[in-house]
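J.: Contents are compact mmCIF, C-alpha atoms (C1' of nucleotides); file name coords09.txt:
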```
# COMPACT_ATOMS: atom_id res chain seq x y z
CA MET A 1 48.37 25.02 -171.93
CA ASP A 2 45.08 26.48 -173.07
CA ILE A 3 45.71 29.74 -174.85
CA GLN A 4 42.83 31.49 -173.10
CA LEU A 5 44.22 30.55 -169.73
CA LYS A 6 47.52 32.20 -170.63
CA ARG A 7 45.94 35.55 -171.32
CA GLY A 8 46.18 37.77 -168.32
CA LEU A 9 49.23 35.84 -167.20
CA LEU A 10 51.47 36.85 -170.08
CA ASP A 11 51.75 40.59 -169.48
CA VAL A 12 52.48 40.09 -165.82
CA SER A 13 54.91 37.25 -166.52
CA VAL A 14 56.91 39.53 -168.79
CA LEU A 15 57.00 42.19 -166.10
CA ALA A 16 58.10 39.53 -163.63
CA ALA A 17 60.90 38.52 -165.97
CA ILE A 18 62.45 41.98 -165.76
CA LYS A 19 61.54 42.90 -162.23
CA ASN A 20 64.93 41.96 -160.74
CA GLU A 21 67.14 42.89 -163.66
CA ASP A 22 66.78 44.73 -166.96
CA SER A 23 66.59 42.36 -169.89
CA TYR A 24 65.92 42.21 -173.63
CA GLY A 25 63.48 40.32 -175.83
CA TYR A 26 65.44 37.25 -176.76
CA GLN A 27 66.66 36.76 -173.21
CA ILE A 28 63.19 37.23 -171.74
CA ILE A 29 61.83 34.42 -173.90
CA LYS A 30 64.60 32.11 -172.73
CA ASP A 31 64.07 33.00 -169.07
CA MET A 32 60.34 32.47 -169.24
CA LYS A 33 60.51 29.24 -171.20
CA PRO A 34 60.43 26.88 -168.19
CA TYR A 35 57.22 28.55 -167.03
CA VAL A 36 55.47 30.07 -170.03
CA THR A 37 56.18 29.61 -173.71
CA LEU A 38 55.44 32.51 -176.00
CA SER A 39 56.46 33.40 -179.53
CA GLU A 40 58.60 36.35 -180.52
CA SER A 41 55.75 38.16 -182.21
CA THR A 42 53.71 37.82 -179.06
CA LEU A 43 56.48 39.05 -176.84
CA TYR A 44 57.27 42.15 -178.85
CA THR A 45 53.59 42.97 -179.02
CA ILE A 46 53.42 42.70 -175.26
CA LEU A 47 56.55 44.76 -174.70
CA LYS A 48 55.20 47.53 -176.89
CA ARG A 49 51.89 47.40 -175.05
CA LEU A 50 53.59 47.59 -171.66
CA GLU A 51 55.72 50.48 -172.86
CA THR A 52 52.64 52.39 -174.01
CA ALA A 53 51.08 51.71 -170.63
CA GLN A 54 54.23 53.10 -169.02
CA MET A 55 54.91 49.92 -167.12
CA LEU A 56 58.42 49.74 -168.49
CA THR A 57 61.00 51.93 -170.18
CA VAL A 58 63.30 51.03 -173.06
CA ARG A 59 66.92 51.79 -173.84
CA SER A 60 68.73 50.68 -176.97
CA VAL A 61 72.20 49.21 -176.71
CA GLU A 62 74.44 48.05 -179.51
CA HIS A 63 75.83 44.60 -178.86
CA ASP A 64 78.10 42.88 -181.42
CA GLY A 65 76.72 45.11 -184.16
CA ARG A 66 73.20 43.99 -183.34
CA LEU A 67 70.58 46.13 -181.71
CA ARG A 68 69.42 45.21 -178.27
CA LYS A 69 66.57 46.89 -176.49
CA TYR A 70 66.80 46.64 -172.74
CA TYR A 71 63.58 46.87 -170.82
CA HIS A 72 63.36 48.35 -167.35
CA ILE A 73 60.32 47.98 -165.11
CA THR A 74 58.71 51.14 -163.70
CA GLU A 75 56.88 51.67 -160.44
CA LYS A 76 53.65 51.38 -162.37
CA GLY A 77 54.82 48.02 -163.66
CA ARG A 78 55.54 46.79 -160.14
CA GLU A 79 52.11 47.96 -159.08
CA ARG A 80 50.67 45.90 -161.93
CA ILE A 81 52.34 42.82 -160.49
CA ASN A 82 50.89 43.54 -157.06
CA GLU A 83 47.47 44.06 -158.58
CA PHE A 84 47.76 40.66 -160.20
CA ARG A 85 48.68 39.07 -156.90
CA ARG A 86 45.54 40.53 -155.37
CA ASP A 87 43.43 39.35 -158.33
CA PHE A 88 44.86 35.91 -157.86
CA ASN A 89 42.81 35.44 -154.73
CA GLU A 90 39.71 35.76 -156.89
CA ILE A 91 41.16 33.18 -159.24
CA LEU A 92 41.57 30.81 -156.33
CA THR A 93 37.96 31.41 -155.29
CA ILE A 94 36.80 30.58 -158.80
CA TYR A 95 39.02 27.52 -158.82
CA ARG A 96 37.38 26.29 -155.63
CA TYR A 97 33.95 26.96 -157.15
CA ILE A 98 34.86 24.90 -160.20
CA SER A 99 36.29 22.10 -158.08
CA ARG A 100 33.52 21.97 -155.50
CA GLU A 101 31.79 18.66 -154.87
CA GLU A 102 28.29 19.30 -153.46
CA THR A 103 27.86 15.85 -151.97
CA ASN A 104 24.22 16.48 -151.12
CA ASN A 105 21.54 16.61 -153.81
CA GLY A 106 22.13 12.99 -154.83
CA MET Y 2 38.78 41.58 -162.29
CA ASP Y 3 40.96 41.93 -165.37
CA ILE Y 4 39.06 40.74 -168.40
CA GLN Y 5 42.04 38.83 -169.76
CA LEU Y 6 42.40 36.96 -166.51
CA LYS Y 7 38.80 35.80 -166.76
CA ARG Y 8 39.29 34.19 -170.14
CA GLY Y 9 39.95 30.53 -169.78
CA LEU Y 10 38.03 30.56 -166.53
CA LEU Y 11 34.66 31.43 -168.01
CA ASP Y 12 33.98 28.33 -170.10
CA VAL Y 13 34.92 26.04 -167.27
CA SER Y 14 32.97 28.10 -164.73
CA VAL Y 15 29.84 27.71 -166.83
CA LEU Y 16 30.38 23.96 -167.01
CA ALA Y 17 30.89 23.94 -163.27
CA ALA Y 18 27.61 25.79 -162.81
CA ILE Y 19 25.68 22.92 -164.41
CA LYS Y 20 27.78 20.00 -163.32
CA ASN Y 21 25.54 19.05 -160.37
CA GLU Y 22 22.20 20.03 -161.84
CA ASP Y 23 20.83 21.07 -165.21
CA SER Y 24 20.22 24.78 -165.42
CA TYR Y 25 19.30 27.59 -167.81
CA GLY Y 26 20.91 30.86 -168.83
CA TYR Y 27 19.35 33.33 -166.48
CA GLN Y 28 19.80 31.01 -163.52
CA ILE Y 29 23.41 30.28 -164.39
CA ILE Y 30 24.26 33.97 -164.32
CA LYS Y 31 22.68 34.29 -160.88
CA ASP Y 32 24.47 31.24 -159.53
CA MET Y 33 27.84 32.38 -160.81
CA LYS Y 34 27.48 35.96 -159.69
CA PRO Y 35 29.21 35.55 -156.29
CA TYR Y 36 32.24 34.13 -158.08
CA VAL Y 37 32.32 35.45 -161.63
CA THR Y 38 30.25 38.18 -163.21
CA LEU Y 39 29.45 37.84 -166.87
CA SER Y 40 26.94 39.50 -169.18
CA GLU Y 41 24.11 37.75 -170.94
CA SER Y 42 25.65 38.15 -174.36
CA THR Y 43 28.82 36.56 -173.08
CA LEU Y 44 27.03 33.66 -171.44
CA TYR Y 45 24.92 32.75 -174.44
CA THR Y 46 27.98 32.92 -176.66
CA ILE Y 47 29.74 30.54 -174.31
CA LEU Y 48 26.80 28.17 -174.09
CA LYS Y 49 26.61 27.95 -177.87
CA ARG Y 50 30.34 27.35 -178.05
CA LEU Y 51 30.16 24.59 -175.46
CA GLU Y 52 27.25 23.01 -177.28
CA THR Y 53 29.17 23.01 -180.55
CA ALA Y 54 32.09 21.43 -178.71
CA GLN Y 55 29.66 18.78 -177.41
CA MET Y 56 30.43 19.59 -173.82
CA LEU Y 57 26.76 20.05 -173.04
CA THR Y 58 23.36 19.24 -174.49
CA VAL Y 59 20.30 21.46 -174.64
CA ARG Y 60 16.61 20.85 -174.13
CA SER Y 61 13.91 23.48 -174.50
CA VAL Y 62 11.18 23.73 -171.91
CA GLU Y 63 8.23 26.10 -171.87
CA HIS Y 64 7.86 27.82 -168.53
CA ASP Y 65 5.11 30.38 -167.94
CA GLY Y 66 4.83 30.96 -171.65
CA ARG Y 67 8.49 31.79 -171.85
CA LEU Y 68 11.15 29.62 -173.42
CA ARG Y 69 13.73 28.07 -171.19
CA LYS Y 70 16.71 26.17 -172.47
CA TYR Y 71 18.09 23.72 -169.98
CA TYR Y 72 21.72 22.78 -170.32
CA HIS Y 73 23.07 19.38 -169.36
CA ILE Y 74 26.77 18.62 -169.02
CA THR Y 75 28.21 15.72 -171.01
CA GLU Y 76 31.09 13.40 -170.21
CA LYS Y 77 33.24 15.53 -172.48
CA GLY Y 78 32.27 18.57 -170.46
CA ARG Y 79 33.30 16.88 -167.23
CA GLU Y 80 36.58 15.91 -168.82
CA ARG Y 81 37.08 19.58 -169.70
CA ILE Y 82 36.74 20.47 -166.03
CA ASN Y 83 39.31 17.86 -165.08
CA GLU Y 84 41.65 19.13 -167.76
CA PHE Y 85 41.34 22.60 -166.29
CA ARG Y 86 42.18 21.30 -162.86
CA ARG Y 87 45.34 19.76 -164.23
CA ASP Y 88 46.21 22.99 -166.07
CA PHE Y 89 45.76 24.86 -162.86
CA ASN Y 90 48.99 23.43 -161.52
CA GLU Y 91 50.78 25.24 -164.32
CA ILE Y 92 48.97 28.42 -163.34
CA LEU Y 93 50.24 28.00 -159.82
CA THR Y 94 53.78 27.52 -161.10
CA ILE Y 95 53.50 30.73 -163.10
CA TYR Y 96 52.06 32.48 -160.09
CA ARG Y 97 55.05 31.46 -158.02
CA TYR Y 98 57.37 32.65 -160.80
CA ILE Y 99 55.64 36.05 -160.83
CA SER Y 100 55.75 36.29 -157.05
CA ARG Y 101 59.31 35.10 -156.56
CA GLU Y 102 61.70 37.32 -154.65
CA GLU Y 103 65.31 36.50 -155.68
CA THR Y 104 66.94 38.12 -152.68
CA ASN Y 105 70.43 37.47 -154.09
CA ASN Y 106 71.83 39.42 -157.04
CA GLY Y 107 71.85 42.71 -155.16
C1' DC F 14 -0.89 51.48 -170.28
C1' DG F 15 4.03 51.99 -168.21
C1' DG F 16 7.65 49.76 -166.04
C1' DC F 17 10.12 45.94 -164.49
C1' DA F 18 11.75 41.07 -164.26
C1' DT F 19 12.40 37.08 -166.91
C1' DA F 20 14.64 34.80 -170.97
C1' DC F 21 17.05 34.22 -175.16
C1' DT F 22 19.29 36.38 -179.58
C1' DT F 23 22.05 39.15 -182.77
C1' DC F 24 25.43 42.69 -184.15
C1' DG F 25 29.51 45.30 -184.04
C1' DT F 26 33.79 46.30 -181.80
C1' DG F 27 38.15 46.26 -179.44
C1' DT F 28 41.74 43.35 -177.43
C1' DT F 29 44.86 40.07 -178.16
C1' DA F 30 48.14 35.70 -179.18
C1' DC F 31 50.04 33.78 -182.93
C1' DG F 32 52.06 32.11 -187.39
C1' DA F 33 54.30 33.78 -191.27
C1' DT F 34 57.47 36.63 -193.06
C1' DG F 35 61.04 40.07 -193.30
C1' DT F 36 65.53 42.56 -192.12
C1' DA F 37 70.21 42.30 -190.49
C1' DT F 38 74.35 40.65 -188.12
C1' DT F 39 77.57 37.12 -186.10
C1' DA F 40 79.38 32.41 -185.88
C1' DC F 41 80.62 28.16 -187.51
C1' DA F 42 81.02 24.32 -190.61
C1' DC F 43 82.78 22.51 -194.98
C1' DG U 14 82.90 31.83 -199.80
C1' DT U 15 78.69 29.48 -199.44
C1' DG U 16 75.20 27.53 -196.56
C1' DT U 17 73.04 27.23 -192.15
C1' DA U 18 71.96 28.38 -187.66
C1' DA U 19 71.58 31.55 -183.86
C1' DT U 20 70.75 36.16 -182.39
C1' DA U 21 67.54 40.22 -182.39
C1' DC U 22 63.73 43.06 -183.48
C1' DA U 23 59.55 44.32 -186.56
C1' DT U 24 55.16 44.01 -189.23
C1' DC U 25 50.96 41.95 -191.13
C1' DG U 26 46.82 39.38 -191.21
C1' DT U 27 43.82 36.40 -188.77
C1' DA U 28 40.91 34.05 -185.60
C1' DA U 29 39.10 33.76 -180.91
C1' DC U 30 36.63 35.99 -177.69
C1' DA U 31 34.10 39.16 -174.00
C1' DC U 32 31.20 42.75 -174.01
C1' DG U 33 27.81 46.61 -174.58
C1' DA U 34 23.85 47.77 -177.07
C1' DA U 35 19.80 46.66 -178.86
C1' DG U 36 16.09 43.64 -180.02
C1' DT U 37 12.11 40.07 -179.35
C1' DA U 38 8.68 38.26 -176.32
C1' DT U 39 6.03 37.07 -172.06
C1' DG U 40 4.04 37.82 -167.35
C1' DC U 41 3.05 40.74 -163.45
C1' DC U 42 2.08 44.89 -160.75
C1' DG U 43 -0.22 49.29 -160.15
```
Can you give me the file's structure in the form of structure tokens?
T.:
Amino acid sequence: MDIQLKRGLLDVSVLAAIKNEDSYGYQIIKDMKPYVTLSESTLYTILKRLETAQMLTVRSVEHDGRLRKYYHITEKGRERINEFRRDFNEILTIYRYISREETNNG
Amino acid sequence: MDIQLKRGLLDVSVLAAIKNEDSYGYQIIKDMKPYVTLSESTLYTILKRLETAQMLTVRSVEHDGRLRKYYHITEKGRERINEFRRDFNEILTIYRYISREETNNG
DNA sequence: CGGCATACTTCGTGTTACGATGTATTACAC
DNA sequence: GTGTAATACATCGTAACACGAAGTATGCCG
């Protein structure tokens, strides 16, 4: 899909990926894959951004000698999802504008 | 609306604004205003980009001593709109993913 | 003349997605 | 025990892009 179209969807998609259960980077990518593909560098950038914005919290866990950072959504993060859902109505309006067919004005 | 969410919609919205009738910058902004707000600098950047991508053609007209550049959509531009409409199904899928409610997994 | 609407242009900036690359461990093949 | 892949996170540089600010120029109103 068009990269520009993905912007604005990515942050919220990542929040959506952890909204029911805490998860970590590698797992998030796998979970999102059927819906949105994103690279590791992109994901970690997003996670850091969301952490700075206090939309999620992080906790480090050692797993098989490897570091794992589990991300947990905050109330602010959930609010971000709801905000997106409201914005989506505007998206639909724009979509209808783009798809309109003005049959008059031959 | 979130600026990131607008990306990917703007180019196509501009094409949609001229798809039924040739138009010029100032008019395009007015026409789009009920659906999408964008600044002049943004619009003219987009128009130049779309011209380079051969999605529209330009013709200059003098009107009341002022220059007016009329933009005309090309076949390639129309195809871009159709491509967006196809992409939109993916957007809807992502939207449903973000809005899902997994009531199990208590 | 001042102020506003029309109309297009240029410049600089901040946000951002991504590829490339790096570090480090486990797992498995041969 | 060497090579390769998967797991897992991090950093750097870059290119695309929307926008505010500012500029150029004309016509109109008072």
J.: Pick out the residues sitting within 9 Å of Arg60 of chain Y, and hand them over as number ranges by chain; count only C-alpha atoms (C1' of nucleotides), and ignore anything fewer than 3 positions along from it in its own chain.
T.: Y: 69-73
J.: Residues near segment 27-42 of chain A, anyone? I mean within 8 Å using only C-alpha atoms (C1' of nucleotides), not counting same-chain ones fewer than 2 positions away, as a VMD selection string.
T.: (chain A and resid 10 13 to 14 17 to 18 23 to 25 44 to 46) or (chain Y and resid 91 94 to 95 98) or (chain F and resid 30 to 31)
J.: Could you write those residues out with C-alpha atoms (C1' of nucleotides), as a CSV table (one decimal), in the coordinates of the input?
T.:
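Written output follows (out_10.csv):
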```csv
chain,number,residue,atom,x,y,z
A,10,LEU,CA,51.5,36.8,-170.1
A,13,SER,CA,54.9,37.2,-166.5
A,14,VAL,CA,56.9,39.5,-168.8
A,17,ALA,CA,60.9,38.5,-166.0
A,18,ILE,CA,62.4,42.0,-165.8
A,23,SER,CA,66.6,42.4,-169.9
A,24,TYR,CA,65.9,42.2,-173.6
A,25,GLY,CA,63.5,40.3,-175.8
A,44,TYR,CA,57.3,42.2,-178.8
A,45,THR,CA,53.6,43.0,-179.0
A,46,ILE,CA,53.4,42.7,-175.3
Y,91,GLU,CA,50.8,25.2,-164.3
Y,94,THR,CA,53.8,27.5,-161.1
Y,95,ILE,CA,53.5,30.7,-163.1
Y,98,TYR,CA,57.4,32.6,-160.8
F,30,DA,C1',48.1,35.7,-179.2
F,31,DC,C1',50.0,33.8,-182.9
```
J.: Residues within 7 Å of segment 19-22 of chain F, please, as a PyMOL selection string. Count only C-alpha atoms (C1' of nucleotides); anything in the same chain fewer than 6 positions from it doesn't count.
T.: chain Y and resi 27+67-69
J.: Output as an NGL selection string the set of chain A residues within 12 Å of chain Y, with distances taken over all atoms listed in the file.
T.: :A and (1-21 or 31-37 or 78 or 80-106)
J.: Would you write out those residues with C-alpha atoms, as a tab-separated table (two decimals), in the coordinates of the input?
T.:
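Result file again.tsv:
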```
chain	number	residue	atom	x	y	z
A	1	MET	CA	48.37	25.02	-171.93
A	2	ASP	CA	45.08	26.48	-173.07
A	3	ILE	CA	45.71	29.74	-174.85
A	4	GLN	CA	42.83	31.49	-173.10
A	5	LEU	CA	44.22	30.55	-169.73
A	6	LYS	CA	47.52	32.20	-170.63
A	7	ARG	CA	45.94	35.55	-171.32
A	8	GLY	CA	46.18	37.77	-168.32
A	9	LEU	CA	49.23	35.84	-167.20
A	10	LEU	CA	51.47	36.85	-170.08
A	11	ASP	CA	51.75	40.59	-169.48
A	12	VAL	CA	52.48	40.09	-165.82
A	13	SER	CA	54.91	37.25	-166.52
A	14	VAL	CA	56.91	39.53	-168.79
A	15	LEU	CA	57.00	42.19	-166.10
A	16	ALA	CA	58.10	39.53	-163.63
A	17	ALA	CA	60.90	38.52	-165.97
A	18	ILE	CA	62.45	41.98	-165.76
A	19	LYS	CA	61.54	42.90	-162.23
A	20	ASN	CA	64.93	41.96	-160.74
A	21	GLU	CA	67.14	42.89	-163.66
A	31	ASP	CA	64.07	33.00	-169.07
A	32	MET	CA	60.34	32.47	-169.24
A	33	LYS	CA	60.51	29.24	-171.20
A	34	PRO	CA	60.43	26.88	-168.19
A	35	TYR	CA	57.22	28.55	-167.03
A	36	VAL	CA	55.47	30.07	-170.03
A	37	THR	CA	56.18	29.61	-173.71
A	78	ARG	CA	55.54	46.79	-160.14
A	80	ARG	CA	50.67	45.90	-161.93
A	81	ILE	CA	52.34	42.82	-160.49
A	82	ASN	CA	50.89	43.54	-157.06
A	83	GLU	CA	47.47	44.06	-158.58
A	84	PHE	CA	47.76	40.66	-160.20
A	85	ARG	CA	48.68	39.07	-156.90
A	86	ARG	CA	45.54	40.53	-155.37
A	87	ASP	CA	43.43	39.35	-158.33
A	88	PHE	CA	44.86	35.91	-157.86
A	89	ASN	CA	42.81	35.44	-154.73
A	90	GLU	CA	39.71	35.76	-156.89
A	91	ILE	CA	41.16	33.18	-159.24
A	92	LEU	CA	41.57	30.81	-156.33
A	93	THR	CA	37.96	31.41	-155.29
A	94	ILE	CA	36.80	30.58	-158.80
A	95	TYR	CA	39.02	27.52	-158.82
A	96	ARG	CA	37.38	26.29	-155.63
A	97	TYR	CA	33.95	26.96	-157.15
A	98	ILE	CA	34.86	24.90	-160.20
A	99	SER	CA	36.29	22.10	-158.08
A	100	ARG	CA	33.52	21.97	-155.50
A	101	GLU	CA	31.79	18.66	-154.87
A	102	GLU	CA	28.29	19.30	-153.46
A	103	THR	CA	27.86	15.85	-151.97
A	104	ASN	CA	24.22	16.48	-151.12
A	105	ASN	CA	21.54	16.61	-153.81
A	106	GLY	CA	22.13	12.99	-154.83
```
J.: Quick one: distance from atom CA of Glu75 of chain A to atom CA of Ser60 of chain A in Å, one decimal?
T.: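 A separation of 20.4 Å between them.
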J.: Within 12 Å of (-0.9, 49.3, -169.2) (file coordinates; only C-alpha atoms (C1' of nucleotides)), which protein or nucleic acid residues are there? I'd like them as a list in words.
T.: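 Residues with an atom close enough to that point: DC14, DG15 and DG16 of chain F; DC41, DC42 and DG43 of chain U.
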J.: Counting all atoms listed in the file, which of U:DA29, U:DA18, U:DA23, U:DA34 gets nearest to DA42 of chain F?
T.: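 Closest to DA42 of chain F, using all atoms listed in the file: U:DA18.
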J.: Determine the nearest neighbour of chain A from the options U:DC22, U:DG33, U:DT39, U:DT17, counting only C-alpha atoms (C1' of nucleotides).
T.: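 Nearest candidate to chain A out of U:DC22, U:DG33, U:DT39, U:DT17: U:DC22.
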J.: Distance atom CA of Gly78 of chain Y-atom C1' of DT28 of chain F, one decimal place?
T.: 27.4 Å
J.: Rank nothing, just name the residue among U:DA21, U:DA38, U:DG26, U:DC32 nearest to chain A, using all atoms listed in the file.
T.: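 Looking at the shortest contact to chain A, the residue is U:DA21.
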J.: Would you place a box with edges along x, y and z of the file around all atoms of segment 54-72 of chain Y listed there, add 4 Å to each of its six sides, and report the centre and edge lengths in Å to one decimal, as lines of an AutoDock Vina configuration file?
T.:
```
center_x = 18.5
center_y = 25.3
center_z = -173.3
size_x = 35.3
size_y = 21.0
size_z = 18.8
```
J.: Using all atoms listed in the file, which of Y:Glu52, Y:Gly66, Y:Thr58, Y:Leu44 sits nearest chain U?
T.: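 That would be Y:Gly66, the residue with the smallest distance to chain U.
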J.: Can you measure atom C1' of DT39 of chain F to atom CA of Glu62 of chain A for me? One decimal in Å is fine.
T.: 13.1 Å
J.: Using only C-alpha atoms (C1' of nucleotides), which residue out of A:Val58, A:Thr74, A:Thr52, A:Asp64 lies closest to chain F?
T.: A:Asp64
J.: Within 9 Å of Ala53 of chain A, counting all atoms listed in the file, which residues qualify if same-chain residues fewer than 4 places away don't, as an MDAnalysis selection string?
T.: chainID A and resid 48:49 76:77
J.: Could you write out that same residue set with C-alpha atoms as a PDB file, keeping the file's coordinate frame?
T.:
```pdb
ATOM      1  CA  LYS A  48      55.200  47.530-176.890  1.00  0.00           C
ATOM      2  CA  ARG A  49      51.890  47.400-175.050  1.00  0.00           C
ATOM      3  CA  LYS A  76      53.650  51.380-162.370  1.00  0.00           C
ATOM      4  CA  GLY A  77      54.820  48.020-163.660  1.00  0.00           C
TER       5      GLY A  77
END
```
J.: Please rebuild segment 19-42 of chain Y with N, CA and C atoms and give the result as an mmCIF file, keeping the file's coordinate frame.
T.:
```cif
data_model
loop_
_atom_site.group_PDB
_atom_site.id
_atom_site.type_symbol
_atom_site.label_atom_id
_atom_site.label_comp_id
_atom_site.auth_asym_id
_atom_site.auth_seq_id
_atom_site.Cartn_x
_atom_site.Cartn_y
_atom_site.Cartn_z
ATOM 1 N N ILE Y 19 26.715 23.919 -164.072
ATOM 2 C CA ILE Y 19 25.680 22.920 -164.410
ATOM 3 C C ILE Y 19 26.117 21.498 -164.094
ATOM 4 N N LYS Y 20 27.250 21.359 -163.477
ATOM 5 C CA LYS Y 20 27.780 20.000 -163.320
ATOM 6 C C LYS Y 20 26.987 19.159 -162.311
ATOM 7 N N ASN Y 21 26.316 19.813 -161.350
ATOM 8 C CA ASN Y 21 25.540 19.050 -160.370
ATOM 9 C C ASN Y 21 24.053 18.991 -160.704
ATOM 10 N N GLU Y 22 23.616 19.941 -161.521
ATOM 11 C CA GLU Y 22 22.200 20.030 -161.840
ATOM 12 C C GLU Y 22 22.010 20.808 -163.132
ATOM 13 N N ASP Y 23 21.131 20.333 -163.987
ATOM 14 C CA ASP Y 23 20.830 21.070 -165.210
ATOM 15 C C ASP Y 23 20.335 22.462 -164.854
ATOM 16 N N SER Y 24 20.659 23.420 -165.682
ATOM 17 C CA SER Y 24 20.220 24.780 -165.420
ATOM 18 C C SER Y 24 20.046 25.542 -166.729
ATOM 19 N N TYR Y 25 19.531 26.761 -166.617
ATOM 20 C CA TYR Y 25 19.300 27.590 -167.810
ATOM 21 C C TYR Y 25 19.983 28.939 -167.643
ATOM 22 N N GLY Y 26 20.142 29.633 -168.766
ATOM 23 C CA GLY Y 26 20.910 30.860 -168.830
ATOM 24 C C GLY Y 26 20.768 31.835 -167.682
ATOM 25 N N TYR Y 27 19.577 32.322 -167.516
ATOM 26 C CA TYR Y 27 19.350 33.330 -166.480
ATOM 27 C C TYR Y 27 19.761 32.844 -165.099
ATOM 28 N N GLN Y 28 19.462 31.596 -164.811
ATOM 29 C CA GLN Y 28 19.800 31.010 -163.520
ATOM 30 C C GLN Y 28 21.320 30.861 -163.349
ATOM 31 N N ILE Y 29 21.968 30.479 -164.430
ATOM 32 C CA ILE Y 29 23.410 30.280 -164.390
ATOM 33 C C ILE Y 29 24.125 31.577 -164.015
ATOM 34 N N ILE Y 30 23.672 32.668 -164.632
ATOM 35 C CA ILE Y 30 24.260 33.970 -164.320
ATOM 36 C C ILE Y 30 24.103 34.292 -162.831
ATOM 37 N N LYS Y 31 22.925 34.037 -162.304
ATOM 38 C CA LYS Y 31 22.680 34.290 -160.880
ATOM 39 C C LYS Y 31 23.566 33.437 -159.991
ATOM 40 N N ASP Y 32 23.669 32.165 -160.343
ATOM 41 C CA ASP Y 32 24.470 31.240 -159.530
ATOM 42 C C ASP Y 32 25.948 31.624 -159.530
ATOM 43 N N MET Y 33 26.414 32.079 -160.688
ATOM 44 C CA MET Y 33 27.840 32.380 -160.810
ATOM 45 C C MET Y 33 28.206 33.729 -160.215
ATOM 46 N N LYS Y 34 27.223 34.577 -160.092
ATOM 47 C CA LYS Y 34 27.480 35.960 -159.690
ATOM 48 C C LYS Y 34 28.422 36.149 -158.490
ATOM 49 N N PRO Y 35 28.288 35.366 -157.430
ATOM 50 C CA PRO Y 35 29.210 35.550 -156.290
ATOM 51 C C PRO Y 35 30.672 35.274 -156.642
ATOM 52 N N TYR Y 36 30.888 34.525 -157.722
ATOM 53 C CA TYR Y 36 32.240 34.130 -158.080
ATOM 54 C C TYR Y 36 32.764 34.836 -159.326
ATOM 55 N N VAL Y 37 31.943 34.831 -160.365
ATOM 56 C CA VAL Y 37 32.320 35.450 -161.630
ATOM 57 C C VAL Y 37 31.122 36.194 -162.194
ATOM 58 N N THR Y 38 31.326 37.432 -162.568
ATOM 59 C CA THR Y 38 30.250 38.180 -163.210
ATOM 60 C C THR Y 38 30.441 38.103 -164.720
ATOM 61 N N LEU Y 39 29.367 37.834 -165.404
ATOM 62 C CA LEU Y 39 29.450 37.840 -166.870
ATOM 63 C C LEU Y 39 28.111 38.296 -167.422
ATOM 64 N N SER Y 40 28.157 38.960 -168.587
ATOM 65 C CA SER Y 40 26.940 39.500 -169.180
ATOM 66 C C SER Y 40 26.181 38.406 -169.917
ATOM 67 N N GLU Y 41 24.931 38.720 -170.218
ATOM 68 C CA GLU Y 41 24.110 37.750 -170.940
ATOM 69 C C GLU Y 41 24.702 37.385 -172.292
ATOM 70 N N SER Y 42 25.117 38.417 -173.019
ATOM 71 C CA SER Y 42 25.650 38.150 -174.360
ATOM 72 C C SER Y 42 26.861 37.227 -174.277
#
```
